[in-house]
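Visitor: So here's upload-v9.csv (CSV, C-alpha atoms).
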chain,number,residue,atom,x,y,z
A,1,MET,CA,71.4,55.5,0.3
A,2,ILE,CA,68.7,53.3,-1.4
A,3,THR,CA,67.1,54.8,-4.5
A,4,ALA,CA,64.2,53.6,-6.6
A,5,ASP,CA,66.6,53.3,-9.6
A,6,SER,CA,69.0,51.0,-7.7
A,7,VAL,CA,66.1,48.8,-6.5
A,8,ARG,CA,64.6,48.7,-10.1
A,9,LYS,CA,68.0,47.6,-11.4
A,10,LEU,CA,68.1,44.7,-9.0
A,11,VAL,CA,64.5,43.7,-9.7
A,12,SER,CA,65.1,43.9,-13.5
A,13,SER,CA,67.7,41.2,-13.4
A,14,PHE,CA,65.4,38.7,-11.6
A,15,PRO,CA,64.5,35.7,-13.8
A,16,ASP,CA,60.9,35.3,-14.8
A,17,PRO,CA,59.9,31.7,-13.8
A,18,GLU,CA,57.9,31.1,-17.0
A,19,THR,CA,60.7,32.0,-19.5
A,20,GLY,CA,63.9,32.3,-17.4
A,21,ARG,CA,64.6,35.7,-18.9
A,22,PRO,CA,65.1,38.8,-16.8
A,23,VAL,CA,61.8,40.4,-15.9
A,24,GLY,CA,63.2,43.8,-16.9
A,25,GLN,CA,63.4,42.7,-20.5
A,26,LEU,CA,59.8,41.5,-20.4
A,27,GLY,CA,58.1,44.6,-18.9
A,28,GLN,CA,57.3,42.8,-15.7
A,29,VAL,CA,58.7,45.4,-13.2
A,30,GLY,CA,55.9,47.3,-11.7
A,31,GLU,CA,55.9,50.3,-9.4
A,32,VAL,CA,59.0,50.7,-7.2
A,33,ARG,CA,58.6,52.9,-4.0
A,34,VAL,CA,61.4,53.7,-1.6
A,35,GLU,CA,60.7,55.5,1.7
A,36,GLY,CA,63.9,55.7,3.8
A,37,ASP,CA,64.8,52.0,4.4
A,38,ARG,CA,61.4,50.8,3.4
A,39,VAL,CA,61.0,49.3,-0.1
A,40,HIS,CA,57.9,48.3,-2.0
A,41,VAL,CA,58.1,46.5,-5.3
A,42,GLY,CA,55.5,45.3,-7.8
A,43,LEU,CA,56.4,42.2,-9.9
A,44,GLY,CA,54.3,41.1,-12.9
A,45,LEU,CA,53.7,37.4,-13.0
A,46,THR,CA,51.7,35.4,-15.5
A,47,SER,CA,49.1,32.8,-14.6
A,48,TRP,CA,51.7,30.1,-15.6
A,49,ALA,CA,53.7,31.0,-12.5
A,50,ALA,CA,50.6,30.9,-10.2
A,51,PRO,CA,51.6,27.5,-8.6
A,52,ILE,CA,54.9,29.0,-7.4
A,53,GLN,CA,53.9,32.7,-7.1
A,54,ASP,CA,54.5,32.9,-3.3
A,55,GLU,CA,57.9,31.2,-3.6
A,56,THR,CA,58.9,33.6,-6.4
A,57,LEU,CA,57.9,36.7,-4.4
A,58,THR,CA,59.8,35.3,-1.4
A,59,ARG,CA,63.0,34.7,-3.5
A,60,LEU,CA,62.9,38.3,-4.9
A,61,ARG,CA,62.3,39.7,-1.4
A,62,ASP,CA,65.2,37.7,0.0
A,63,ARG,CA,67.5,38.9,-2.8
A,64,LEU,CA,66.5,42.6,-2.2
A,65,VAL,CA,67.0,42.2,1.6
A,66,SER,CA,70.4,40.7,1.1
A,67,GLU,CA,71.6,43.1,-1.6
A,68,LEU,CA,70.2,46.3,0.0
A,69,GLY,CA,71.1,45.4,3.6
A,70,ILE,CA,67.6,46.1,4.9
A,71,GLU,CA,65.3,44.2,7.3
A,72,GLU,CA,62.9,41.6,5.9
A,73,SER,CA,60.0,43.5,7.5
A,74,ASP,CA,60.9,46.7,5.5
A,75,CYS,CA,60.7,44.9,2.1
A,76,VAL,CA,57.3,44.2,0.5
A,77,VAL,CA,57.1,42.5,-2.9
A,78,GLU,CA,53.6,42.4,-4.4
A,79,ALA,CA,52.4,40.2,-7.4
A,80,LEU,CA,50.8,42.0,-10.3
A,81,PRO,CA,48.9,40.3,-13.1
A,82,HIS,CA,50.9,40.1,-16.4
A,83,GLU,CA,49.4,38.7,-19.6
A,84,ARG,CA,51.5,36.8,-22.1
A,85,LYS,CA,49.9,34.7,-24.8
A,86,ALA,CA,51.0,31.1,-25.5
A,87,GLU,CA,52.7,30.5,-28.8
A,88,LYS,CA,51.5,27.8,-31.3
A,89,LEU,CA,53.5,24.6,-30.8
A,90,GLY,CA,54.7,22.0,-33.3
A,91,GLN,CA,52.8,20.6,-36.3
A,92,VAL,CA,49.4,20.7,-34.5
A,93,GLY,CA,49.5,24.3,-33.4
A,94,VAL,CA,48.4,23.8,-29.8
A,95,THR,CA,48.6,27.1,-27.9
A,96,ALA,CA,50.1,26.0,-24.6
A,97,LYS,CA,53.1,27.3,-22.7
A,98,SER,CA,54.0,23.9,-21.2
A,99,VAL,CA,52.9,20.4,-22.4
A,100,ILE,CA,53.4,17.7,-19.8
A,101,ALA,CA,53.1,13.9,-20.5
A,102,VAL,CA,52.2,11.7,-17.5
A,103,GLY,CA,53.2,8.1,-18.1
A,104,SER,CA,54.0,4.8,-16.4
A,105,GLY,CA,55.8,1.6,-17.3
A,106,LYS,CA,52.8,-0.5,-16.4
A,107,GLY,CA,49.1,-0.1,-15.7
A,108,GLY,CA,47.4,-0.1,-12.3
A,109,VAL,CA,49.8,2.4,-10.6
A,110,GLY,CA,47.4,5.3,-10.4
A,111,LYS,CA,48.8,7.2,-13.4
A,112,SER,CA,45.5,8.7,-14.5
A,113,THR,CA,44.6,9.7,-10.9
A,114,ILE,CA,48.0,11.5,-10.6
A,115,ALA,CA,47.6,13.1,-14.0
A,116,THR,CA,44.1,14.4,-13.2
A,117,SER,CA,45.3,15.6,-9.7
A,118,ILE,CA,48.2,17.5,-11.2
A,119,ALA,CA,45.8,19.2,-13.7
A,120,TYR,CA,43.5,20.1,-10.8
A,121,GLY,CA,46.4,21.4,-8.7
A,122,LEU,CA,47.6,23.7,-11.5
A,123,LYS,CA,44.1,24.9,-12.1
A,124,ASN,CA,43.4,25.5,-8.4
A,125,ALA,CA,46.5,27.7,-8.2
A,126,GLY,CA,45.1,29.9,-11.0
A,127,ALA,CA,46.7,28.5,-14.2
A,128,ARG,CA,44.7,27.8,-17.4
A,129,VAL,CA,44.8,24.1,-17.8
A,130,GLY,CA,43.8,21.5,-20.4
A,131,LEU,CA,43.8,17.7,-19.7
A,132,MET,CA,44.0,15.3,-22.6
A,133,ASP,CA,43.3,11.6,-22.1
A,134,ALA,CA,45.6,9.9,-24.6
A,135,ASP,CA,45.1,6.5,-23.0
A,136,VAL,CA,43.0,5.5,-26.0
A,137,TYR,CA,42.6,1.8,-25.0
A,138,GLY,CA,41.6,2.5,-21.4
A,139,PRO,CA,40.4,6.1,-20.9
A,140,SER,CA,39.9,6.8,-17.2
A,141,VAL,CA,39.6,10.6,-17.1
A,142,PRO,CA,35.9,10.8,-17.9
A,143,HIS,CA,35.1,8.5,-15.0
A,144,LEU,CA,37.5,10.3,-12.6
A,145,VAL,CA,35.9,13.7,-13.3
A,146,GLY,CA,32.3,12.4,-13.6
A,147,ILE,CA,31.6,13.4,-17.2
A,148,ASN,CA,29.6,11.3,-19.7
A,149,GLU,CA,28.8,13.5,-22.6
A,150,ARG,CA,30.0,13.9,-26.2
A,151,PRO,CA,32.0,17.0,-27.2
A,152,THR,CA,30.5,19.2,-29.9
A,153,ALA,CA,32.2,20.8,-32.9
A,154,ILE,CA,32.0,24.4,-33.9
A,155,ASN,CA,33.6,25.4,-37.3
A,156,GLN,CA,35.1,21.9,-37.5
A,157,ARG,CA,36.9,22.5,-34.2
A,158,LEU,CA,36.2,20.1,-31.3
A,159,GLN,CA,35.0,21.9,-28.2
A,160,PRO,CA,36.6,20.4,-25.1
A,161,ILE,CA,34.3,19.5,-22.2
A,162,GLU,CA,34.7,21.9,-19.3
A,163,LYS,CA,34.6,20.7,-15.6
A,164,ASP,CA,35.6,22.8,-12.6
A,165,GLY,CA,37.5,25.2,-14.9
A,166,LEU,CA,39.5,22.4,-16.6
A,167,LYS,CA,39.3,21.8,-20.4
A,168,LEU,CA,39.0,18.1,-21.1
A,169,ILE,CA,39.1,15.8,-24.1
A,170,SER,CA,39.2,12.0,-24.1
A,171,MET,CA,38.4,9.1,-26.4
A,172,GLY,CA,36.1,8.0,-23.6
A,173,PHE,CA,33.8,10.9,-24.4
A,174,MET,CA,33.3,9.5,-27.9
A,175,VAL,CA,33.1,5.8,-27.4
A,176,PRO,CA,30.7,3.9,-25.1
A,177,ALA,CA,32.4,2.8,-21.9
A,178,GLU,CA,31.7,-0.9,-22.6
A,179,GLU,CA,33.1,-0.8,-26.1
A,180,ALA,CA,36.7,-1.9,-26.7
A,181,ILE,CA,39.0,0.1,-29.1
A,182,VAL,CA,41.0,-2.3,-31.3
A,183,TRP,CA,43.4,-0.2,-33.3
A,184,ARG,CA,46.8,-0.6,-34.9
A,185,GLY,CA,49.6,2.0,-34.5
A,186,PRO,CA,48.6,4.3,-37.5
A,187,MET,CA,45.0,4.6,-36.3
A,188,LEU,CA,46.3,5.4,-32.8
A,189,HIS,CA,48.7,8.0,-34.2
A,190,GLY,CA,45.8,9.6,-36.2
A,191,ALA,CA,43.5,9.7,-33.2
A,192,VAL,CA,46.1,11.4,-30.9
A,193,THR,CA,47.0,13.9,-33.7
A,194,GLN,CA,43.3,14.7,-34.3
A,195,MET,CA,42.6,15.3,-30.5
A,196,LEU,CA,45.6,17.7,-30.3
A,197,ARG,CA,45.2,19.5,-33.7
A,198,ASP,CA,41.4,19.7,-34.0
A,199,THR,CA,40.5,20.6,-30.4
A,200,ASP,CA,39.8,24.2,-29.7
A,201,TRP,CA,42.0,24.4,-26.5
A,202,GLY,CA,42.2,28.1,-26.4
A,203,ASP,CA,45.2,29.8,-24.7
A,204,LEU,CA,46.6,27.4,-22.1
A,205,ASP,CA,49.4,27.7,-19.5
A,206,TYR,CA,49.6,23.9,-19.2
A,207,LEU,CA,48.3,20.9,-21.2
A,208,VAL,CA,48.6,17.7,-19.2
A,209,ILE,CA,48.5,14.5,-21.3
A,210,ASP,CA,47.5,11.3,-19.6
A,211,MET,CA,49.6,8.7,-21.6
A,212,PRO,CA,48.8,5.0,-22.1
A,213,PRO,CA,50.8,2.7,-19.8
A,214,GLY,CA,53.9,1.0,-21.2
A,215,THR,CA,56.3,2.0,-23.9
A,216,GLY,CA,54.2,2.1,-27.0
A,217,ASP,CA,53.6,4.4,-30.0
A,218,ILE,CA,52.1,7.4,-28.2
A,219,ALA,CA,55.4,8.8,-26.8
A,220,LEU,CA,56.9,8.7,-30.3
A,221,THR,CA,53.8,10.3,-31.8
A,222,LEU,CA,53.9,13.2,-29.3
A,223,SER,CA,57.6,13.8,-29.7
A,224,GLN,CA,57.0,14.2,-33.5
A,225,LEU,CA,53.9,16.4,-33.2
A,226,LEU,CA,55.0,19.1,-30.7
A,227,PRO,CA,57.8,20.0,-28.3
A,228,LEU,CA,57.0,18.5,-24.9
A,229,THR,CA,58.1,20.4,-21.8
A,230,GLY,CA,58.7,17.0,-20.2
A,231,ALA,CA,57.3,13.8,-18.7
A,232,VAL,CA,56.2,12.7,-15.2
A,233,VAL,CA,56.6,9.0,-14.5
A,234,VAL,CA,54.3,7.4,-12.0
A,235,CYS,CA,55.1,4.1,-10.3
A,236,THR,CA,54.6,2.2,-7.0
A,237,PRO,CA,57.4,1.3,-4.6
A,238,GLN,CA,57.7,-2.5,-5.3
A,239,ASP,CA,60.5,-3.8,-7.5
A,240,VAL,CA,58.3,-5.2,-10.2
A,241,ALA,CA,56.8,-1.8,-10.8
A,242,LEU,CA,60.1,0.0,-10.6
A,243,LEU,CA,61.5,-2.3,-13.4
A,244,ASP,CA,58.8,-1.0,-15.7
A,245,ALA,CA,59.3,2.6,-14.6
A,246,VAL,CA,62.9,2.4,-15.6
A,247,LYS,CA,61.8,1.4,-19.1
A,248,ALA,CA,59.4,4.3,-19.2
A,249,ILE,CA,62.2,6.7,-18.3
A,250,ALA,CA,64.4,5.1,-20.9
A,251,MET,CA,61.6,5.5,-23.5
A,252,PHE,CA,61.1,9.2,-22.8
A,253,ARG,CA,64.9,9.8,-23.0
A,254,LYS,CA,65.1,7.8,-26.3
A,255,VAL,CA,62.5,10.1,-27.9
A,256,SER,CA,64.2,13.3,-26.4
A,257,ILE,CA,61.4,14.1,-23.9
A,258,PRO,CA,62.9,15.4,-20.7
A,259,VAL,CA,61.9,13.6,-17.5
A,260,LEU,CA,60.5,16.2,-15.0
A,261,GLY,CA,60.4,13.7,-12.2
A,262,VAL,CA,59.1,10.5,-10.7
A,263,VAL,CA,56.0,10.1,-8.5
A,264,GLU,CA,55.8,7.2,-6.0
A,265,ASN,CA,52.1,6.4,-5.7
A,266,MET,CA,50.5,4.1,-3.1
A,267,SER,CA,53.6,4.8,-0.9
A,268,TYR,CA,52.0,3.5,2.3
A,269,PHE,CA,48.7,3.1,4.1
A,270,LEU,CA,47.9,4.8,7.3
A,271,CYS,CA,45.2,2.8,9.1
A,272,PRO,CA,42.4,5.1,10.2
A,273,ASP,CA,41.5,2.7,13.1
A,274,ASN,CA,44.9,2.6,14.9
A,275,GLY,CA,47.0,5.3,13.2
A,276,GLN,CA,49.5,2.5,12.2
A,277,ARG,CA,51.5,3.0,9.0
A,278,TYR,CA,51.7,-0.1,6.7
A,279,ASP,CA,54.2,-0.2,3.8
A,280,ILE,CA,52.0,-2.5,1.7
A,281,PHE,CA,54.1,-2.3,-1.4
A,282,GLY,CA,57.3,-1.3,0.3
A,283,ASN,CA,58.4,2.4,0.6
A,284,GLY,CA,61.0,4.7,-0.9
A,285,GLY,CA,61.8,2.5,-3.9
A,286,ALA,CA,60.9,5.1,-6.4
A,287,LYS,CA,62.9,7.8,-4.7
A,288,ALA,CA,66.0,5.6,-4.6
A,289,LYS,CA,65.6,4.6,-8.2
A,290,ALA,CA,65.1,8.2,-9.3
A,291,ALA,CA,68.4,9.1,-7.5
A,292,GLN,CA,70.1,6.2,-9.2
A,293,LEU,CA,68.9,7.2,-12.6
A,294,GLY,CA,69.6,10.9,-12.1
A,295,VAL,CA,66.0,12.1,-12.4
A,296,PRO,CA,64.1,14.3,-9.9
A,297,PHE,CA,61.8,12.8,-7.3
A,298,LEU,CA,58.5,14.8,-7.2
A,299,GLY,CA,57.0,13.2,-4.2
A,300,GLU,CA,54.9,10.4,-2.8
A,301,ALA,CA,51.2,9.9,-2.4
A,302,PRO,CA,49.8,7.4,0.1
A,303,ILE,CA,47.0,4.8,-0.4
A,304,SER,CA,43.8,6.6,0.6
A,305,ILE,CA,40.4,5.1,0.8
A,306,ASP,CA,38.7,8.5,0.4
A,307,LEU,CA,40.8,9.3,-2.7
A,308,ARG,CA,39.7,6.0,-4.3
A,309,LYS,CA,36.0,6.7,-3.4
A,310,ARG,CA,36.2,10.2,-5.0
A,311,GLY,CA,37.7,8.7,-8.2
A,312,ASP,CA,34.9,6.1,-8.3
A,313,ASP,CA,32.3,8.9,-7.8
A,314,GLY,CA,33.8,11.2,-10.4
A,315,GLN,CA,34.9,13.7,-7.8
A,316,THR,CA,38.7,13.6,-8.1
A,317,GLY,CA,38.9,17.4,-7.9
A,318,GLY,CA,37.6,17.1,-4.3
A,319,ASN,CA,40.9,15.6,-3.2
A,320,TYR,CA,42.2,19.1,-2.8
A,321,ALA,CA,39.6,19.7,-0.1
A,322,ASP,CA,40.9,16.7,1.9
A,323,ASP,CA,43.4,17.8,4.6
A,324,TYR,CA,45.1,14.5,4.6
A,325,ILE,CA,45.7,13.8,0.9
A,326,ALA,CA,45.8,17.4,-0.5
A,327,PRO,CA,49.3,18.3,0.7
A,328,TYR,CA,50.8,15.3,-1.0
A,329,LEU,CA,49.2,16.1,-4.4
A,330,TRP,CA,50.0,19.8,-4.1
A,331,ASN,CA,53.6,19.1,-3.3
A,332,ILE,CA,53.9,16.9,-6.4
A,333,THR,CA,52.4,19.6,-8.6
A,334,ARG,CA,54.5,22.4,-7.1
A,335,GLN,CA,57.7,20.4,-7.3
A,336,MET,CA,57.0,19.7,-11.0
A,337,VAL,CA,56.5,23.4,-11.7
A,338,ARG,CA,59.7,24.3,-9.7
A,339,ASN,CA,61.7,21.9,-11.8
A,340,ILE,CA,60.3,23.4,-15.0
A,341,ALA,CA,61.1,26.9,-13.8
A,342,ALA,CA,64.6,25.8,-12.8
A,343,SER,CA,65.1,24.4,-16.2
A,344,HIS,CA,64.0,27.7,-17.8
A,345,ALA,CA,66.4,29.6,-15.5
A,346,GLU,CA,69.3,27.5,-16.8
A,347,LYS,CA,68.2,27.8,-20.4
A,348,PRO,CA,66.1,30.9,-20.9
A,349,ALA,CA,63.6,31.0,-23.7
A,350,THR,CA,64.7,33.0,-26.7
A,351,PRO,CA,62.4,35.6,-28.2
A,352,SER,CA,60.6,34.3,-31.3
A,353,LEU,CA,58.6,35.8,-34.1
A,354,PRO,CA,54.9,35.3,-34.0
A,355,VAL,CA,53.3,32.7,-36.3
A,356,LEU,CA,51.1,34.6,-38.8
Once more with this new file: its structure as structure tokens, please.
Guide:
Amino acid sequence: MITADSVRKLVSSFPDPETGRPVGQLGQVGEVRVEGDRVHVGLGLTSWAAPIQDETLTRLRDRLVSELGIEESDCVVEALPHERKAEKLGQVGVTAKSVIAVGSGKGGVGKSTIATSIAYGLKNAGARVGLMDADVYGPSVPHLVGINERPTAINQRLQPIEKDGLKLISMGFMVPAEEAIVWRGPMLHGAVTQMLRDTDWGDLDYLVIDMPPGTGDIALTLSQLLPLTGAVVVCTPQDVALLDAVKAIAMFRKVSIPVLGVVENMSYFLCPDNGQRYDIFGNGGAKAKAAQLGVPFLGEAPISIDLRKRGDDGQTGGNYADDYIAPYLWNITRQMVRNIAASHAEKPATPSLPVL
């Protein structure tokens, strides 16, 4: 006979995707109702888990169906909102649950477009997201999102620019687009530190950082300032780009930043006139190289004229309304969050004392 207590016990041991710890320890088990063979469970999930909320509910339902021996149609698992504040991270005190660096071995592979698209994907799912453009020498985020204004300061805290629910900060907001930034390493380090430390980010689920291309100072700076959740490496399929992507992966590993996965951008072109697929830069090179290096493959994104137009027009967020390109970007975003959740399940976060 199924009892509410037996169901609650099963639910309590289920891992929270954000922390990897059992939800019963975190007060995330809601109402449990049992009526004969029918079971209804409420599971508290934070906004961090929003991109994989449906998958999480399905996994718990499948576990209950298997353990209790009931029909799938007799088991209902409902998501309930659960609040959990982000802790301050590292020397700069950023309040974010996950900090993700998006980098590439070379320029021109669509790194900033992918970084911005990941941020939009997370935000569209319901997470609280910040996007920091750390590509100091060539900031692209202001153009991609269509913003040309300077941030203000309140109580000596820089207020991020908000667009479509995203919190944004970029050197491009502070320097005219036609002006070149000619800085040595220490000045670069200072600028990145200041953008992280002095920006009033608020309470974030995710902070996405658009890195400069190559293997320069920024990765080392970030690794010293705060614990990064991991890095996403963007490349194109051809061998010359893959050579540099390998170096980017090696760089992140050298500074102890986990590699969350590789994205193959400009994977192919689907001609709108005849429906013919053209592998302009080859295809599948990034996936093969990721397997060779033992890092996850997050997905591919094809060449899209409409995606390029939206980037030029400052409407990158509109890519998620495009039935053709949106599934690719959404798959990349969700696969990244899945990988983070899987890592949390393997090594659950330990409770920590709050910083006073």
Visitor: When you look at range 302-306 of chain A with a cut-off of 8 Å (counting only C-alpha atoms), what residues show up, excluding the ones that are within fewer than 2 positions of it in the same chain? I need them as a count of residues only.
Guide: 11
Visitor: CA of Thr229 in chain A and CA of Val129 in chain A are how many Å apart?
Guide: 14.4 Å
Visitor: Identify which of the residues A:Glu162, A:Leu43, A:Val94, A:Gly284 lies closest to Thr199 in chain A, counting all atoms listed in the file when measuring atom-to-atom distances.
Guide: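 Distance minimum relative to Thr199 in chain A lands on A:Val94.
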Visitor: Which residues are near Leu329 in chain A? Cut-off 9 Å, all atoms listed in the file, ignore same chain within fewer than 2 positions. Put them as a compact mmCIF listing (two decimals) with C-alpha atoms, keeping the file's coordinate frame.
Guide:
# COMPACT_ATOMS: atom_id res chain seq x y z
CA ILE A 114 48.00 11.50 -10.60
CA SER A 117 45.30 15.60 -9.70
CA ILE A 118 48.20 17.50 -11.20
CA GLY A 121 46.40 21.40 -8.70
CA GLY A 299 57.00 13.20 -4.20
CA GLU A 300 54.90 10.40 -2.80
CA ALA A 301 51.20 9.90 -2.40
CA ASN A 319 40.90 15.60 -3.20
CA TYR A 320 42.20 19.10 -2.80
CA ILE A 325 45.70 13.80 0.90
CA ALA A 326 45.80 17.40 -0.50
CA PRO A 327 49.30 18.30 0.70
CA ASN A 331 53.60 19.10 -3.30
CA ILE A 332 53.90 16.90 -6.40
CA THR A 333 52.40 19.60 -8.60
CA ARG A 334 54.50 22.40 -7.10
Visitor: What does the distance between CA of Ser223 in chain A and CA of Val255 in chain A come to in Å, to one decimal place?
Guide: 6.4 Å
Visitor: Which residue is closest to Ala290 in chain A? Choose from A:Met132, A:Ile52, A:Ala341, A:Val263 and count only C-alpha atoms.
Guide: A:Val263
Visitor: Using all atoms listed in the file, which of the listed residues (A:Glu149, A:Asp198, A:Glu67, A:Asp135) sits closest to Met171 in chain A?
Guide: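 Under the stated criterion, the closest residue is A:Asp135.
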Visitor: Separation of CA of Gly261 in chain A and CA of Gly105 in chain A, in Å?
Guide: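 CA of Gly105 in chain A lies at a distance of 13.9 Å from CA of Gly261 in chain A.
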Visitor: Considering all atoms listed in the file, can you say which of A:Val77, A:Gln28, A:Gly311, A:Leu220 comes closest to Lys254 in chain A?
Guide: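 Among the listed residues, A:Leu220 lies closest to Lys254 in chain A.
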Visitor: From the options A:Leu207, A:Ala49, A:Ala245, A:Ala291, which residue's atoms come nearest to Ile340 in chain A, counting only C-alpha atoms?
Guide: A:Ala49
Visitor: Using all atoms listed in the file, which of the listed residues (A:Arg33, A:Glu87, A:Leu225, A:Arg21) sits closest to Asp5 in chain A?
Guide: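 Ranking A:Arg33, A:Glu87, A:Leu225, A:Arg21 by distance to Asp5 in chain A, first place goes to A:Arg33.
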Visitor: List the neighbours of Glu71 in chain A out to 10 Å using all atoms listed in the file; skip same-chain residues closer than 2 positions along the sequence, and give me the result as a PyMOL selection string.
Guide: chain A and resi 37-39+62+64-66+68-69+73-75
